[in-house]
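Visitor: First the structure, which I've put down as structure tokens, then a few questions once you've had a look.
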Amino acid sequence: MPSCRFLGSLTTPSVHVTIDTGNHFFNHTLDGFLKIGTVAATRSIAEDSFKAINGGKLSKHGLERSLKKMRKEGAYWGTVAGVYVGMEYGVERIRGRTDWKNAMIGGALTGALVSAATNNDKPSCIGCTRGRCHCNGLSVPKLIHVKTAANWLCLSSCISSNGM
């Protein structure tokens with residue numbers, strides 16, 4: 001009976017860049033910005049390269065648009081990551097503990113900060129009409145709208161659909 005085996009190991013490349021600003025908080029924030037910003041920019045350029053190769057369209061305008069998108073994506077995701085890492089480090093220093101709660105609190109604070117920084121102030125809950133939310137066929141009054149990074153979330157719909 002034929003059999004096949006694969007032996008080997010995969011290792012992730014590790015790049016360590018240390019920038020010392022003299023402040024641990026800024027060091028962590030800058031490190032998060034640079035690492036995730038680089039990943040986002042690389043992802044963006046890879047995505048646009050794939051589209052260009054499959055579409056067969058290569059132009060100067062397309063290249064300029066791709067580079068602009070790469071810069072924008074890298075800056076946005078780098079900023080969000082830098083804020084998250086900084087918040088998590090700050091919470092760790094305040095609490096004096098290193099555990100999963102720091103990440104949760106840091107993520108919540110980052111989400112609130114990113115949400116507050118966006119200009120989308122209109123609730124766009126799917127199914128909300130005339131002061132009522134419709135979820136799973138139930139019509140319940142809008143209790144609370146919580147702004148997330150991408151959209152508004154109607155908690156009354158979540159509460160009614162979960163039976164809480």
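Each chain of the structure tokens is named A, B, ... in the order shown, its residues numbered from 1; ligands are numbered from 1 in display order.
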Determine, counting only C-alpha atoms, which protein, DNA and RNA residues have an atom within 12 Å of an atom of A:His16; residues of the same chain fewer than 3 positions away are not included. Present the result as a PyMOL selection string.
Guide: chain A and resi 13+19+31-32+34-35
Visitor: If you count only C-alpha atoms, which residues fall within 12 Å of stretch 48-57 of chain A, apart from same-chain ones fewer than 4 positions away, as a list in words?
Guide: Ala41, Thr42, Arg43, Ser44, His61, Gly62, Leu63, Glu64, Arg65, Ser66, Leu67, Lys68, Lys69 and Met70 of chain A
Visitor: To one decimal in Å, tell me the separation between atom CA of A:Thr79 and atom CA of A:His24.
Guide: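 So the answer is 17.2 Å.
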Visitor: Any idea what's packed within 8 Å of stretch 95-110 of chain A, counting only C-alpha atoms, ignoring anything in its chain fewer than 6 positions away? Could you give it as a PyMOL selection string?
Guide: chain A and resi 80+83-85+87-89
Visitor: Would you export the selected residues with all heavy atoms as an mmCIF file, in the first residue's frame, please?
Guide:
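Everything below was put into result.cif:
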```cif
data_model
loop_
_atom_site.group_PDB
_atom_site.id
_atom_site.type_symbol
_atom_site.label_atom_id
_atom_site.label_comp_id
_atom_site.auth_asym_id
_atom_site.auth_seq_id
_atom_site.Cartn_x
_atom_site.Cartn_y
_atom_site.Cartn_z
ATOM 1 N N VAL A 80 -4.187 51.995 14.588
ATOM 2 C CA VAL A 80 -5.080 51.216 15.454
ATOM 3 C C VAL A 80 -4.266 50.242 16.305
ATOM 4 O O VAL A 80 -4.495 50.115 17.516
ATOM 5 C CB VAL A 80 -6.152 50.468 14.624
ATOM 6 C CG1 VAL A 80 -6.923 49.489 15.487
ATOM 7 C CG2 VAL A 80 -7.094 51.459 13.973
ATOM 8 N N VAL A 83 -2.345 52.138 19.018
ATOM 9 C CA VAL A 83 -3.243 52.548 20.108
ATOM 10 C C VAL A 83 -3.571 51.342 20.986
ATOM 11 O O VAL A 83 -3.540 51.420 22.214
ATOM 12 C CB VAL A 83 -4.530 53.199 19.556
ATOM 13 C CG1 VAL A 83 -5.562 53.388 20.647
ATOM 14 C CG2 VAL A 83 -4.208 54.530 18.901
ATOM 15 N N TYR A 84 -3.875 50.197 20.357
ATOM 16 C CA TYR A 84 -4.213 48.994 21.119
ATOM 17 C C TYR A 84 -3.049 48.558 22.017
ATOM 18 O O TYR A 84 -3.236 48.294 23.205
ATOM 19 C CB TYR A 84 -4.615 47.850 20.188
ATOM 20 C CG TYR A 84 -4.682 46.527 20.908
ATOM 21 C CD1 TYR A 84 -5.716 46.254 21.791
ATOM 22 C CD2 TYR A 84 -3.699 45.575 20.738
ATOM 23 C CE1 TYR A 84 -5.769 45.057 22.488
ATOM 24 C CE2 TYR A 84 -3.748 44.373 21.419
ATOM 25 C CZ TYR A 84 -4.773 44.119 22.294
ATOM 26 O OH TYR A 84 -4.819 42.939 22.968
ATOM 27 N N VAL A 85 -1.854 48.476 21.434
ATOM 28 C CA VAL A 85 -0.693 48.026 22.208
ATOM 29 C C VAL A 85 -0.410 49.005 23.343
ATOM 30 O O VAL A 85 -0.114 48.600 24.477
ATOM 31 C CB VAL A 85 0.538 47.849 21.288
ATOM 32 C CG1 VAL A 85 1.794 47.619 22.090
ATOM 33 C CG2 VAL A 85 0.316 46.710 20.324
ATOM 34 N N MET A 87 -2.602 50.991 24.823
ATOM 35 C CA MET A 87 -3.663 50.857 25.825
ATOM 36 C C MET A 87 -3.449 49.609 26.677
ATOM 37 O O MET A 87 -3.601 49.647 27.902
ATOM 38 C CB MET A 87 -5.043 50.785 25.159
ATOM 39 C CG MET A 87 -5.501 52.055 24.561
ATOM 40 S SD MET A 87 -5.900 53.227 25.845
ATOM 41 C CE MET A 87 -6.518 54.549 24.877
ATOM 42 N N GLU A 88 -3.104 48.512 26.019
ATOM 43 C CA GLU A 88 -2.887 47.271 26.762
ATOM 44 C C GLU A 88 -1.714 47.429 27.737
ATOM 45 O O GLU A 88 -1.795 47.014 28.899
ATOM 46 C CB GLU A 88 -2.614 46.119 25.800
ATOM 47 C CG GLU A 88 -2.451 44.798 26.503
ATOM 48 C CD GLU A 88 -2.148 43.657 25.559
ATOM 49 O OE1 GLU A 88 -1.863 43.896 24.376
ATOM 50 O OE2 GLU A 88 -2.196 42.514 26.033
ATOM 51 N N TYR A 89 -0.651 48.059 27.288
ATOM 52 C CA TYR A 89 0.502 48.279 28.164
ATOM 53 C C TYR A 89 0.133 49.211 29.313
ATOM 54 O O TYR A 89 0.515 48.971 30.462
ATOM 55 C CB TYR A 89 1.677 48.865 27.365
ATOM 56 C CG TYR A 89 2.890 49.144 28.213
ATOM 57 C CD1 TYR A 89 3.708 48.108 28.642
ATOM 58 C CD2 TYR A 89 3.207 50.441 28.598
ATOM 59 C CE1 TYR A 89 4.818 48.355 29.425
ATOM 60 C CE2 TYR A 89 4.314 50.702 29.389
ATOM 61 C CZ TYR A 89 5.114 49.657 29.797
ATOM 62 O OH TYR A 89 6.206 49.896 30.581
#
```
Visitor: Suppose you want the space between atom CA of A:Thr38 and atom CA of A:Ala75; what is it in Å?
Guide: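 One can read the atom CA of A:Thr38 to atom CA of A:Ala75 distance as 8.8 Å.
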Visitor: Find the spatial neighbours of A:Ala81, counting only C-alpha atoms, within a cut-off of 8 Å - ignore same-chain residues fewer than 6 positions away - and output them as JSON, numbers by chain.
Guide: {"A": [29, 32, 33, 36, 37]}
